[in-house]
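What follows is the content of input30.cif, which has mmCIF, C-alpha atoms:
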data_structure
#
loop_
_atom_site.label_atom_id
_atom_site.label_comp_id
_atom_site.auth_asym_id
_atom_site.auth_seq_id
_atom_site.Cartn_x
_atom_site.Cartn_y
_atom_site.Cartn_z
CA MET A 268 105.50 112.91 117.88
CA PHE A 269 104.60 109.23 117.99
CA ARG A 270 101.35 110.03 119.79
CA GLY A 271 100.55 112.78 117.28
CA GLU A 272 101.16 110.49 114.34
CA ALA A 273 99.10 107.69 115.93
CA ARG A 274 96.30 110.20 116.56
CA ARG A 275 96.44 111.24 112.92
CA PHE A 276 95.93 107.61 111.96
CA TRP A 277 93.11 107.28 114.48
CA ARG A 278 91.39 110.40 113.10
CA ARG A 279 91.29 108.63 109.76
CA ARG A 280 90.01 105.38 111.27
CA GLY A 281 87.41 105.24 108.50
CA GLN A 282 90.32 104.59 106.16
CA LEU A 283 91.60 101.84 108.47
CA GLY A 284 88.14 100.30 108.16
CA VAL A 285 88.71 100.25 104.41
CA TYR A 286 91.89 98.18 104.91
CA ALA A 287 90.03 95.83 107.26
CA PHE A 288 87.34 95.44 104.60
CA TYR A 289 90.07 94.82 102.02
CA ALA A 290 91.48 92.06 104.29
CA VAL A 291 88.02 90.44 104.61
CA VAL A 292 87.50 90.50 100.84
CA LEU A 293 90.96 89.02 100.15
CA ALA A 294 90.59 86.24 102.74
CA TYR A 295 87.14 85.39 101.36
CA LEU A 296 88.46 85.37 97.78
CA VAL A 297 91.30 83.02 98.79
CA GLN A 298 88.73 80.69 100.37
CA LEU A 299 86.66 80.79 97.16
CA VAL A 300 89.64 79.87 94.99
CA GLU A 301 91.12 77.25 97.35
CA PRO A 302 88.84 76.15 100.22
CA ALA A 303 91.45 73.95 101.94
CA PRO A 304 94.94 75.12 100.88
CA ALA A 305 98.01 72.99 101.55
CA PRO A 306 100.46 74.57 104.06
CA ARG A 307 102.76 76.00 101.36
CA GLN A 308 99.83 77.49 99.44
CA TYR A 309 98.32 78.80 102.70
CA ILE A 310 101.53 80.66 103.51
CA ALA A 311 102.01 82.02 99.98
CA LEU A 312 98.41 83.24 99.74
CA PHE A 313 98.55 84.82 103.19
CA TRP A 314 101.74 86.78 102.50
CA ILE A 315 100.71 87.89 99.03
CA SER A 316 97.42 89.19 100.48
CA ALA A 317 99.35 90.90 103.29
CA LEU A 318 101.76 92.46 100.77
CA PHE A 319 98.94 94.11 98.81
CA ILE A 320 97.29 95.56 101.91
CA ASN A 321 100.62 96.71 103.37
CA LEU A 322 101.63 98.41 100.14
CA GLN A 323 98.47 100.55 100.22
CA LEU A 324 98.80 101.18 103.94
CA GLY A 325 102.48 102.10 103.59
CA ALA A 326 101.68 104.67 100.89
CA GLN A 327 99.78 106.68 103.53
CA ALA A 328 103.02 107.51 105.36
CA TYR A 329 104.05 110.36 103.05
CA HIS A 330 101.53 110.69 100.24
CA GLN A 331 99.28 113.05 102.20
CA GLU A 332 102.11 115.62 102.19
CA THR A 333 101.56 116.27 98.49
CA ARG A 334 98.20 117.76 99.38
CA GLY A 335 99.84 120.39 101.50
CA HIS A 336 99.10 118.74 104.84
CA MET A 337 101.47 117.81 107.65
CA LEU A 338 104.41 119.89 106.41
CA PHE A 339 104.38 121.96 109.62
CA TYR A 340 105.88 118.97 111.45
CA TYR A 341 109.25 119.78 109.88
CA TRP A 342 109.36 123.02 111.85
CA VAL A 343 109.33 120.93 115.02
CA VAL A 344 111.56 117.92 114.26
CA PRO A 345 114.16 116.98 111.63
CA PRO A 346 112.97 114.81 108.71
CA GLU A 347 114.79 111.67 109.92
CA VAL A 348 112.90 111.75 113.25
CA MET A 349 109.68 112.22 111.32
CA PHE A 350 110.62 109.21 109.19
CA TRP A 351 111.17 107.00 112.25
CA VAL A 352 107.89 108.07 113.81
CA ARG A 353 105.91 107.49 110.62
CA ALA A 354 107.64 104.17 109.93
CA LEU A 355 106.98 102.92 113.48
CA VAL A 356 103.30 103.93 113.36
CA ASN A 357 103.08 102.36 109.92
CA SER A 358 104.66 99.13 111.24
CA LEU A 359 102.18 99.05 114.11
CA MET A 360 99.23 99.48 111.73
CA GLN A 361 100.61 96.82 109.41
CA ALA A 362 101.02 94.40 112.35
CA LEU A 363 97.39 95.04 113.32
CA VAL A 364 96.10 94.50 109.78
CA MET A 365 98.23 91.35 109.34
CA GLY A 366 96.93 90.05 112.69
CA LEU A 367 93.38 90.64 111.46
CA LEU A 368 94.24 88.91 108.17
CA ALA A 369 95.58 85.89 110.10
CA VAL A 370 92.33 85.68 112.10
CA LEU A 371 90.31 85.92 108.87
CA PHE A 372 92.43 83.20 107.24
CA MET A 373 91.83 80.97 110.29
CA PHE A 374 88.11 81.61 109.94
CA PHE A 375 87.86 81.03 106.19
CA SER A 376 90.70 78.63 105.32
CA GLY A 377 91.20 76.59 108.49
CA PRO A 378 93.85 76.61 111.25
CA LEU A 379 97.26 78.20 110.69
CA PRO A 380 99.86 75.68 109.42
CA VAL A 381 102.46 77.09 111.86
CA GLY A 382 102.06 77.60 115.62
CA LEU A 383 100.57 80.88 116.82
CA TRP A 384 103.83 82.06 118.46
CA GLY A 385 105.91 81.51 115.33
CA TRP A 386 103.24 83.23 113.24
CA SER A 387 103.04 86.21 115.62
CA GLY A 388 106.85 86.53 115.69
CA LEU A 389 106.93 86.59 111.91
CA ILE A 390 104.16 89.19 111.72
CA GLY A 391 105.98 91.36 114.28
CA LEU A 392 109.37 91.17 112.53
CA SER A 393 108.00 91.51 109.01
CA SER A 394 105.74 94.44 109.89
CA LEU A 395 108.81 96.36 111.09
CA GLY A 396 110.61 95.66 107.80
CA PHE A 397 107.57 96.35 105.64
CA GLY A 398 106.69 99.49 107.61
CA PHE A 399 110.15 101.05 107.20
CA ALA A 400 110.62 99.99 103.58
CA PHE A 401 107.19 101.18 102.44
CA SER A 402 107.54 104.46 104.36
CA LEU A 403 110.81 105.20 102.55
CA VAL A 404 109.33 104.22 99.18
CA SER A 405 106.28 106.35 99.96
CA ALA A 406 108.57 109.33 100.66
CA ILE A 407 110.33 108.79 97.32
CA SER A 408 107.24 108.11 95.20
CA ARG A 409 105.28 111.16 96.36
CA PHE A 410 107.45 113.36 94.09
CA GLY A 411 106.22 111.59 90.93
CA ARG A 412 103.27 112.51 88.76
CA HIS A 413 101.26 109.41 89.80
CA PRO A 414 102.42 108.61 93.36
CA PHE A 415 100.18 105.56 93.90
CA VAL A 416 101.26 103.92 90.65
CA LEU A 417 104.90 104.70 91.44
CA MET A 418 104.42 103.27 94.94
CA SER A 419 103.65 99.86 93.40
CA ILE A 420 106.38 100.10 90.77
CA LEU A 421 109.07 100.99 93.33
CA GLY A 422 107.64 99.19 96.36
CA ILE A 423 107.11 95.65 95.06
CA PRO A 424 110.63 95.03 93.67
CA THR A 425 112.39 96.66 96.63
CA ILE A 426 110.41 94.68 99.20
CA ILE A 427 111.26 91.32 97.57
CA PRO A 428 114.38 90.58 99.70
CA LEU A 429 112.34 91.03 102.89
CA PHE A 430 109.34 89.22 101.46
CA TYR A 431 111.46 86.32 100.22
CA THR A 432 113.14 85.97 103.64
CA VAL A 433 109.76 85.95 105.42
CA ILE A 434 108.41 83.26 103.07
CA GLN A 435 111.58 81.12 103.43
CA LEU A 436 111.44 81.47 107.21
CA HIS A 437 107.79 80.55 107.27
CA LEU A 438 108.33 77.51 105.04
CA ALA A 439 111.19 76.42 107.30
CA LEU A 440 108.84 76.68 110.29
CA ILE A 441 106.46 74.16 108.68
CA GLY A 442 109.27 71.62 108.94
CA GLY A 443 109.58 72.27 112.69
CA SER A 444 112.12 75.03 113.25
CA ALA A 445 114.06 77.60 111.26
CA PRO A 446 117.84 78.05 111.60
CA MET A 447 118.98 81.05 113.64
CA ARG A 448 120.74 82.69 110.64
CA MET A 449 117.34 82.88 108.91
CA TRP A 450 115.79 84.58 111.96
CA LEU A 451 118.70 87.00 112.08
CA THR A 452 118.46 87.86 108.38
CA LEU A 453 115.05 89.48 108.86
CA PRO A 454 116.11 92.08 111.48
CA ALA A 455 119.37 92.59 109.54
CA LEU A 456 117.40 93.52 106.41
CA TRP A 457 115.15 95.76 108.50
CA GLY A 458 118.31 97.38 109.91
CA ILE A 459 119.62 98.10 106.40
CA VAL A 460 116.33 99.74 105.38
CA ALA A 461 116.13 101.74 108.64
CA VAL A 462 119.72 103.02 108.31
CA MET A 463 119.25 103.89 104.63
CA GLY A 464 116.01 105.71 105.45
CA THR A 465 117.65 107.70 108.25
CA ILE A 466 120.54 108.73 106.00
CA LEU A 467 118.57 109.41 102.81
CA ILE A 468 115.35 111.07 104.03
CA PRO A 469 117.00 114.48 104.80
CA TYR A 470 118.16 114.70 101.16
CA LEU A 471 114.57 114.46 99.94
CA HIS A 472 113.74 117.57 101.95
CA ARG A 473 116.71 119.60 100.77
CA HIS A 474 115.83 122.50 98.46
CA MET B 1129 141.54 115.45 78.34
CA GLN B 1130 138.05 113.99 77.98
CA ARG B 1131 138.80 112.82 74.44
CA ARG B 1132 142.06 111.18 75.57
CA LEU B 1133 140.22 109.38 78.39
CA SER B 1134 137.64 108.18 75.86
CA TRP B 1135 140.37 106.79 73.62
CA ILE B 1136 142.11 105.06 76.52
CA LEU B 1137 138.89 103.48 77.82
CA SER B 1138 137.56 102.37 74.44
CA GLY B 1139 140.96 101.25 73.03
CA THR B 1140 142.10 99.27 76.06
CA GLY B 1141 138.61 97.87 76.62
CA THR B 1142 138.26 96.68 73.01
CA LEU B 1143 141.72 95.03 73.04
CA LEU B 1144 141.00 93.20 76.30
CA VAL B 1145 137.54 92.06 75.19
CA LEU B 1146 138.93 90.86 71.83
CA TYR B 1147 141.63 88.91 73.68
CA SER B 1148 139.04 87.35 76.02
CA ILE B 1149 136.80 86.37 73.07
CA ILE B 1150 139.56 84.88 70.90
CA ALA B 1151 141.42 83.18 73.76
CA GLY B 1152 138.10 82.15 75.33
CA VAL B 1153 137.15 80.22 72.22
CA TRP B 1154 140.58 78.66 71.49
CA THR B 1155 142.27 78.01 74.84
CA PRO B 1156 142.15 74.41 76.21
CA VAL B 1157 139.72 74.11 79.14
CA PRO B 1158 139.50 71.52 81.95
CA ASP B 1159 137.24 68.55 81.25
CA ILE B 1160 134.57 68.91 83.97
CA PRO B 1161 131.53 66.60 83.93
CA ILE B 1162 128.22 68.30 82.98
CA LEU B 1163 130.03 71.52 81.99
CA TYR B 1164 132.46 70.20 79.33
CA GLU B 1165 132.94 72.78 76.53
CA SER B 1166 130.14 75.00 77.87
CA ILE B 1167 132.59 76.18 80.55
CA ARG B 1168 133.85 78.64 77.90
CA ASN B 1169 130.75 80.69 78.59
CA PHE B 1170 132.45 81.49 81.91
CA PHE B 1171 134.58 84.02 79.96
CA PHE B 1172 131.46 85.86 78.76
CA HIS B 1173 128.71 85.29 81.34
CA VAL B 1174 130.57 86.03 84.59
CA PRO B 1175 132.35 89.20 83.31
CA MET B 1176 128.89 90.59 82.43
CA TRP B 1177 127.85 90.34 86.11
CA PHE B 1178 131.12 91.81 87.34
CA ALA B 1179 130.74 94.68 84.87
CA MET B 1180 127.10 95.18 85.91
CA LEU B 1181 127.99 95.35 89.59
CA LEU B 1182 130.85 97.76 88.94
CA MET B 1183 128.58 99.99 86.81
CA PHE B 1184 125.98 100.00 89.60
CA LEU B 1185 128.68 100.77 92.19
CA ILE B 1186 130.08 103.68 90.15
CA GLY B 1187 126.51 104.88 89.50
CA VAL B 1188 125.78 104.89 93.23
CA ILE B 1189 129.02 106.78 93.96
CA HIS B 1190 127.97 109.45 91.43
CA SER B 1191 124.49 109.53 92.98
CA MET B 1192 126.01 110.16 96.41
CA ARG B 1193 128.25 112.87 94.95
CA TYR B 1194 125.19 114.47 93.36
CA LEU B 1195 123.38 114.46 96.70
CA SER B 1196 126.32 116.13 98.43
CA SER B 1197 127.32 118.60 95.68
CA GLY B 1198 124.16 119.15 93.62
CA ARG B 1199 126.24 119.27 90.41
CA LEU B 1200 124.08 118.20 87.47
CA ASP B 1201 127.02 116.49 85.78
CA GLU B 1202 127.10 113.89 88.58
CA ASP B 1203 123.44 113.08 87.95
CA PHE B 1204 124.06 112.59 84.23
CA LYS B 1205 126.93 110.24 85.04
CA ALA B 1206 124.93 108.35 87.68
CA SER B 1207 121.98 107.66 85.37
CA SER B 1208 124.32 106.73 82.49
CA TYR B 1209 126.30 104.24 84.58
CA LEU B 1210 123.10 102.69 85.93
CA GLN B 1211 121.69 102.39 82.43
CA THR B 1212 124.85 100.66 81.19
CA GLY B 1213 124.69 98.39 84.26
CA VAL B 1214 121.16 97.33 83.29
CA VAL B 1215 122.36 96.53 79.74
CA PHE B 1216 125.15 94.33 81.18
CA GLY B 1217 122.60 92.70 83.47
CA ILE B 1218 120.36 91.82 80.52
CA LEU B 1219 123.37 90.41 78.64
CA GLY B 1220 124.31 88.44 81.78
CA LEU B 1221 120.79 86.98 81.96
CA ILE B 1222 120.87 86.00 78.27
CA THR B 1223 124.33 84.39 78.41
CA GLY B 1224 123.32 82.67 81.67
CA ALA B 1225 120.10 81.32 80.12
CA VAL B 1226 122.05 79.89 77.17
CA TRP B 1227 124.52 78.24 79.57
CA ALA B 1228 121.67 76.90 81.73
CA ARG B 1229 119.98 75.40 78.66
CA TYR B 1230 123.03 73.22 77.91
CA THR B 1231 124.02 72.30 81.48
CA TRP B 1232 120.83 72.33 83.57
CA GLY B 1233 118.42 71.42 80.75
CA SER B 1234 116.24 74.54 80.56
CA TRP B 1235 116.59 78.24 79.82
CA TRP B 1236 115.13 79.24 83.18
CA SER B 1237 115.31 76.95 86.25
CA ASN B 1238 113.95 79.34 88.89
CA ASP B 1239 117.36 79.18 90.52
CA PRO B 1240 117.67 81.69 93.44
CA LYS B 1241 120.54 83.50 91.69
CA GLN B 1242 118.64 83.71 88.40
CA ASN B 1243 115.64 85.13 90.24
CA ALA B 1244 117.75 87.52 92.32
CA SER B 1245 119.43 88.90 89.18
CA ALA B 1246 116.10 89.34 87.41
CA ILE B 1247 114.65 91.15 90.46
CA THR B 1248 117.74 93.40 90.64
CA LEU B 1249 117.12 94.42 87.04
CA ILE B 1250 113.46 95.13 87.83
CA ILE B 1251 114.56 97.30 90.80
CA TYR B 1252 116.79 99.32 88.48
CA ALA B 1253 114.15 99.45 85.73
CA ALA B 1254 111.92 101.11 88.36
CA TYR B 1255 114.66 103.77 88.77
CA PHE B 1256 114.20 104.86 85.16
CA ILE B 1257 110.40 104.86 85.49
CA LEU B 1258 110.78 107.06 88.59
CA ARG B 1259 112.98 109.53 86.70
CA ARG B 1260 110.51 109.75 83.84
CA ALA B 1261 107.67 110.41 86.29
CA ILE B 1262 109.28 113.59 87.70
CA ALA B 1263 109.16 116.69 85.52
CA ASP B 1264 111.37 119.08 87.55
CA ARG B 1265 115.06 118.60 86.64
CA SER B 1266 116.59 119.12 90.09
CA VAL B 1267 113.89 117.12 91.94
CA ARG B 1268 114.34 114.29 89.42
CA GLY B 1269 118.07 114.19 90.12
CA ARG B 1270 117.67 114.33 93.89
CA VAL B 1271 114.88 111.75 94.18
CA GLY B 1272 116.55 109.51 91.58
CA ALA B 1273 119.83 109.62 93.51
CA VAL B 1274 118.08 108.72 96.78
CA TYR B 1275 116.36 105.77 95.12
CA ALA B 1276 119.60 104.65 93.42
CA VAL B 1277 121.42 104.48 96.78
CA PHE B 1278 118.49 102.65 98.40
CA ALA B 1279 118.25 100.24 95.44
CA PHE B 1280 121.94 99.37 95.73
CA ALA B 1281 121.57 98.69 99.46
CA VAL B 1282 118.66 96.35 98.66
CA ALA B 1283 120.40 94.67 95.70
CA VAL B 1284 123.53 93.67 97.65
CA PRO B 1285 121.77 91.29 100.12
CA LEU B 1286 119.49 90.14 97.31
CA LEU B 1287 122.43 89.08 95.12
CA PHE B 1288 124.97 87.94 97.69
CA ILE B 1289 123.18 86.82 100.87
CA LEU B 1290 119.69 85.48 100.10
CA PRO B 1291 120.73 82.97 97.37
CA ARG B 1292 123.08 81.36 99.92
CA MET B 1293 120.16 80.58 102.24
CA THR B 1294 118.56 78.05 99.88
CA ASP B 1295 119.64 75.30 97.50
CA SER B 1296 121.02 76.57 94.22
CA LEU B 1297 122.39 75.13 91.00
CA HIS B 1298 124.93 77.94 90.78
CA PRO B 1299 128.50 77.35 91.97
CA GLY B 1300 129.21 78.98 95.32
CA SER B 1301 125.57 78.89 96.49
CA GLY B 1302 123.45 76.54 98.56
CA GLY B 1303 126.39 74.30 99.45
CA ASN B 1304 127.70 74.03 95.86
CA PRO B 1305 131.45 74.65 95.61
CA ALA B 1306 132.46 77.89 93.86
CA PHE B 1307 134.83 78.01 90.90
CA SER B 1308 138.24 77.69 92.51
CA SER B 1309 141.76 76.55 91.73
CA TYR B 1310 140.22 73.07 91.47
CA ASP B 1311 138.45 73.83 88.19
CA LEU B 1312 139.42 77.43 87.27
CA ASP B 1313 143.00 76.63 86.26
CA PHE B 1314 145.90 79.01 85.53
CA ARG B 1315 145.06 79.14 81.77
CA MET B 1316 141.55 80.38 82.40
CA ARG B 1317 142.30 83.07 84.96
CA PRO B 1318 144.04 85.65 82.70
CA ILE B 1319 141.31 85.34 80.07
CA PHE B 1320 138.59 85.77 82.70
CA TYR B 1321 140.28 88.80 84.29
CA ALA B 1322 140.85 90.34 80.84
CA GLY B 1323 137.13 89.89 80.13
CA VAL B 1324 136.12 91.56 83.40
CA ALA B 1325 138.51 94.50 82.88
CA GLY B 1326 137.64 94.85 79.18
CA TRP B 1327 133.87 94.89 79.60
CA THR B 1328 134.18 97.28 82.58
CA LEU B 1329 136.29 99.71 80.54
CA ILE B 1330 133.89 99.53 77.59
CA GLY B 1331 130.98 100.06 80.00
CA SER B 1332 132.68 103.11 81.50
CA TRP B 1333 133.40 104.53 78.03
CA LEU B 1334 129.76 104.07 76.94
CA SER B 1335 128.50 105.60 80.19
CA LEU B 1336 130.70 108.69 79.89
CA LEU B 1337 129.67 109.05 76.27
CA TYR B 1338 125.98 108.87 77.19
CA ALA B 1339 126.50 111.34 80.05
CA ARG B 1340 127.97 113.77 77.50
CA VAL B 1341 124.94 113.25 75.25
CA GLN B 1342 122.64 114.03 78.19
CA ARG B 1343 124.66 117.13 79.11
CA THR B 1344 124.55 118.41 75.52
CA ALA B 1345 120.79 117.77 75.29
CA HIS B 1346 120.33 119.71 78.55
CA GLU B 1347 122.42 122.62 77.26
CA ILE B 1348 120.38 122.72 74.04
CA VAL B 1349 117.17 122.94 76.09
CA LEU B 1350 118.66 125.79 78.15
CA LEU B 1351 119.75 127.65 74.97
CA LYS B 1352 116.27 127.24 73.45
CA HIS B 1353 114.75 128.86 76.55
CA ARG B 1354 117.12 131.82 76.22
CA LEU B 1355 116.21 132.44 72.57
CA PRO B 1356 113.61 135.17 72.03
#

Encoded form (structure tokens):
Amino acid sequence: MFRGEARRFWRRRGQLGVYAFYAVVLAYLVQLVEPAPAPRQYIALFWISALFINLQLGAQAYHQETRGHMLFYYWVVPPEVMFWVRALVNSLMQALVMGLLAVLFMFFSGPLPVGLWGWSGLIGLSSLGFGFAFSLVSAISRFGRHPFVLMSILGIPTIIPLFYTVIQLHLALIGGSAPMRMWLTLPALWGIVAVMGTILIPYLHRH
Amino acid sequence: MQRRLSWILSGTGTLLVLYSIIAGVWTPVPDIPILYESIRNFFFHVPMWFAMLLMFLIGVIHSMRYLSSGRLDEDFKASSYLQTGVVFGILGLITGAVWARYTWGSWWSNDPKQNASAITLIIYAAYFILRRAIADRSVRGRVGAVYAVFAFAVAVPLLFILPRMTDSLHPGSGGNPAFSSYDLDFRMRPIFYAGVAGWTLIGSWLSLLYARVQRTAHEIVLLKHRLP
């Protein structure tokens, strides 16, 4: 299933190119507005840019089903397995795009204010959280009249706890190190979203 | 039975709220620096949050019951309780802003708890936008219930865990001591508890009333469809 879902993403690699282009434009715009941002600004601008790209990327998880595609998968596996597969592929794509965004920020706005390992760890953990949360929101919003608008309306407020934790963790890393409870909060929040998704997704498919 | 329940909820709720208002204004309060007389807002501001959380909790329980049973009545109740919860949340924000103006110096201090409460209300406002965006009655109920449960799971860490990770002006957060026996003395407790119970009962009464309005409106629509 995972391979099939990854292949589906790969088949639409033109669309991934669009997200890469989006990342380039955002990083360039940030550099235009603030050529040498202070560490706090750097972090805020990076994560806000990442949030906008991830929101659009996350919408892809379920929105294509409204066009009558991909529904045959549910003959093969239960909806909760499908959710995990889509959320994991989504997380992987988001990690890739955020990695690209970090490289672009380094190119346009100067070196990262936090060490590469800390930055990579944050991208890895946050992409899991963002991937699962946006996949669930995508599954919910596809039932509305304007799924992409609903995706933003539902996605931005519900991602704030994760987003806020990532920003706090990142700001703590500027000062040297972040306390362990902060590092643990991020996977705990991801765990809540993953459990809720696993429990709730089957109800969306019940007719 | 329903009418009797309505009378019990509204009557008891009104009596308790009246007691909390009158006693809240007249009872002697401890002389705490910075807070002084503004501590009386404790009888109005904090019960609003308790009532909001209880309305959200009851709303989520009804949402879960709707998901398991599919009975439309549960969906009416869920959306009504959540709507009342949002009203209490707005009142909590207003009473909190007034209190903040006289103790912290400004209406809005970007305090983590203030922000978390505002975001919680935005999350629930999105619930009503979602419902309006779905035309089919049963799909609206099902998707709305799923979102309501998810929103509650997101709101709990947002309100209770994340504000504790950073500095806060609120008691009980960011290393600040919470209201305890030290400053919430025996005269204040009964008034506070009466406020919480009273506003919760009034909230439940309003929610059940609104659920009945929704049910009646739905029945009228069904009758109109049956007419030749």

**OP:** Return as a PyMOL selection string the set of residues that the PyMOL selection byres ((chain A) within 8 of (chain B)) yields on the displayed structure.
**Re:** chain A and resi 407-408+410-413+417+420-421+424-425+427-428+432+449+456+459-460+463+467+470-471

**OP:** Any chance you could resolve the PyMOL selection byres ((chain A and resi 363-375) around 7) against this file and give the residues as a list in words?
**Re:** Ala287, Ala290, Val291, Ala294, Tyr295, Gln298, Ala317, Leu359, Met360, Gln361, Ala362, Ser376, Gly377, Pro378, Leu379 and Ile390 of chain A

Original post:
Near Gly1331 in chain B, counting all atoms listed in the file, which residues have an atom at most 8 Å away, once you skip same-chain residues fewer than 5 positions from it, shown as a list in words?
Top reply: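 The residues satisfying every condition are Ala1179, Met1183, Tyr1209, Thr1212 and Gly1213 of chain B.
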
**OP:** Work out how far apart CA of Leu1144 in chain B and CA of Gly1323 in chain B are and give it in Å to one decimal.
**Re:**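 CA of Gly1323 in chain B lies 6.4 Å from CA of Leu1144 in chain B.
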
Subject >> All residues 10 Å or closer to Tyr1147 in chain B, all atoms listed in the file, same chain fewer than 3 positions away omitted, as a VMD selection string >> reply: chain B and resid 1141 to 1144 1150 to 1153 1318 to 1319 1322 to 1323 1326

Original post:
What lies within 9 Å of Met418 in chain A using only C-alpha atoms, ignoring chain neighbours under 6 positions off, as number ranges by chain?
Top reply: A: 322-323, 325-326, 401, 404-405, 407-409

Original post:
So which one's closest to Val297 in chain A, A:Val356, A:Ile466, A:Val285, A:Trp314? Using all atoms listed in the file, please.
Top reply: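 Residue with the minimum atom-to-atom distance to Val297 in chain A: A:Trp314.
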
Subject >> For CA of Ile1162 in chain B and CA of Thr1231 in chain B, the interatomic separation in Å (one decimal) >> reply: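 Between CA of Ile1162 in chain B and CA of Thr1231 in chain B the gap works out to 6.0 Å.
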
Subject >> Long-range neighbours of Arg1343 in chain B as a ChimeraX atom specification, 12 Å cut-off, only C-alpha atoms, 2 positions minimum in chain >> reply: /B:1199-1205,1207-1208,1336-1341,1345-1350

**OP:** Apply the PyMOL selection byres ((chain B and resi 1171) around 8) to the structure shown and report the selected residues as a PyMOL selection string.
**Re:** chain B and resi 1148-1149+1152+1168-1170+1172-1175+1319-1320+1323

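Minimum atom-to-atom distance to Gly1269 in chain B, evaluated using all atoms listed in the file, belongs to B:Ser1191 out of B:Leu1137, B:Pro1356, B:Pro1156, B:Ser1191.
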
**OP:** Calculate how many Å separate CA of Pro346 in chain A from CA of Ala328 in chain A, rounding to one decimal.
**Re:** 12.8 Å
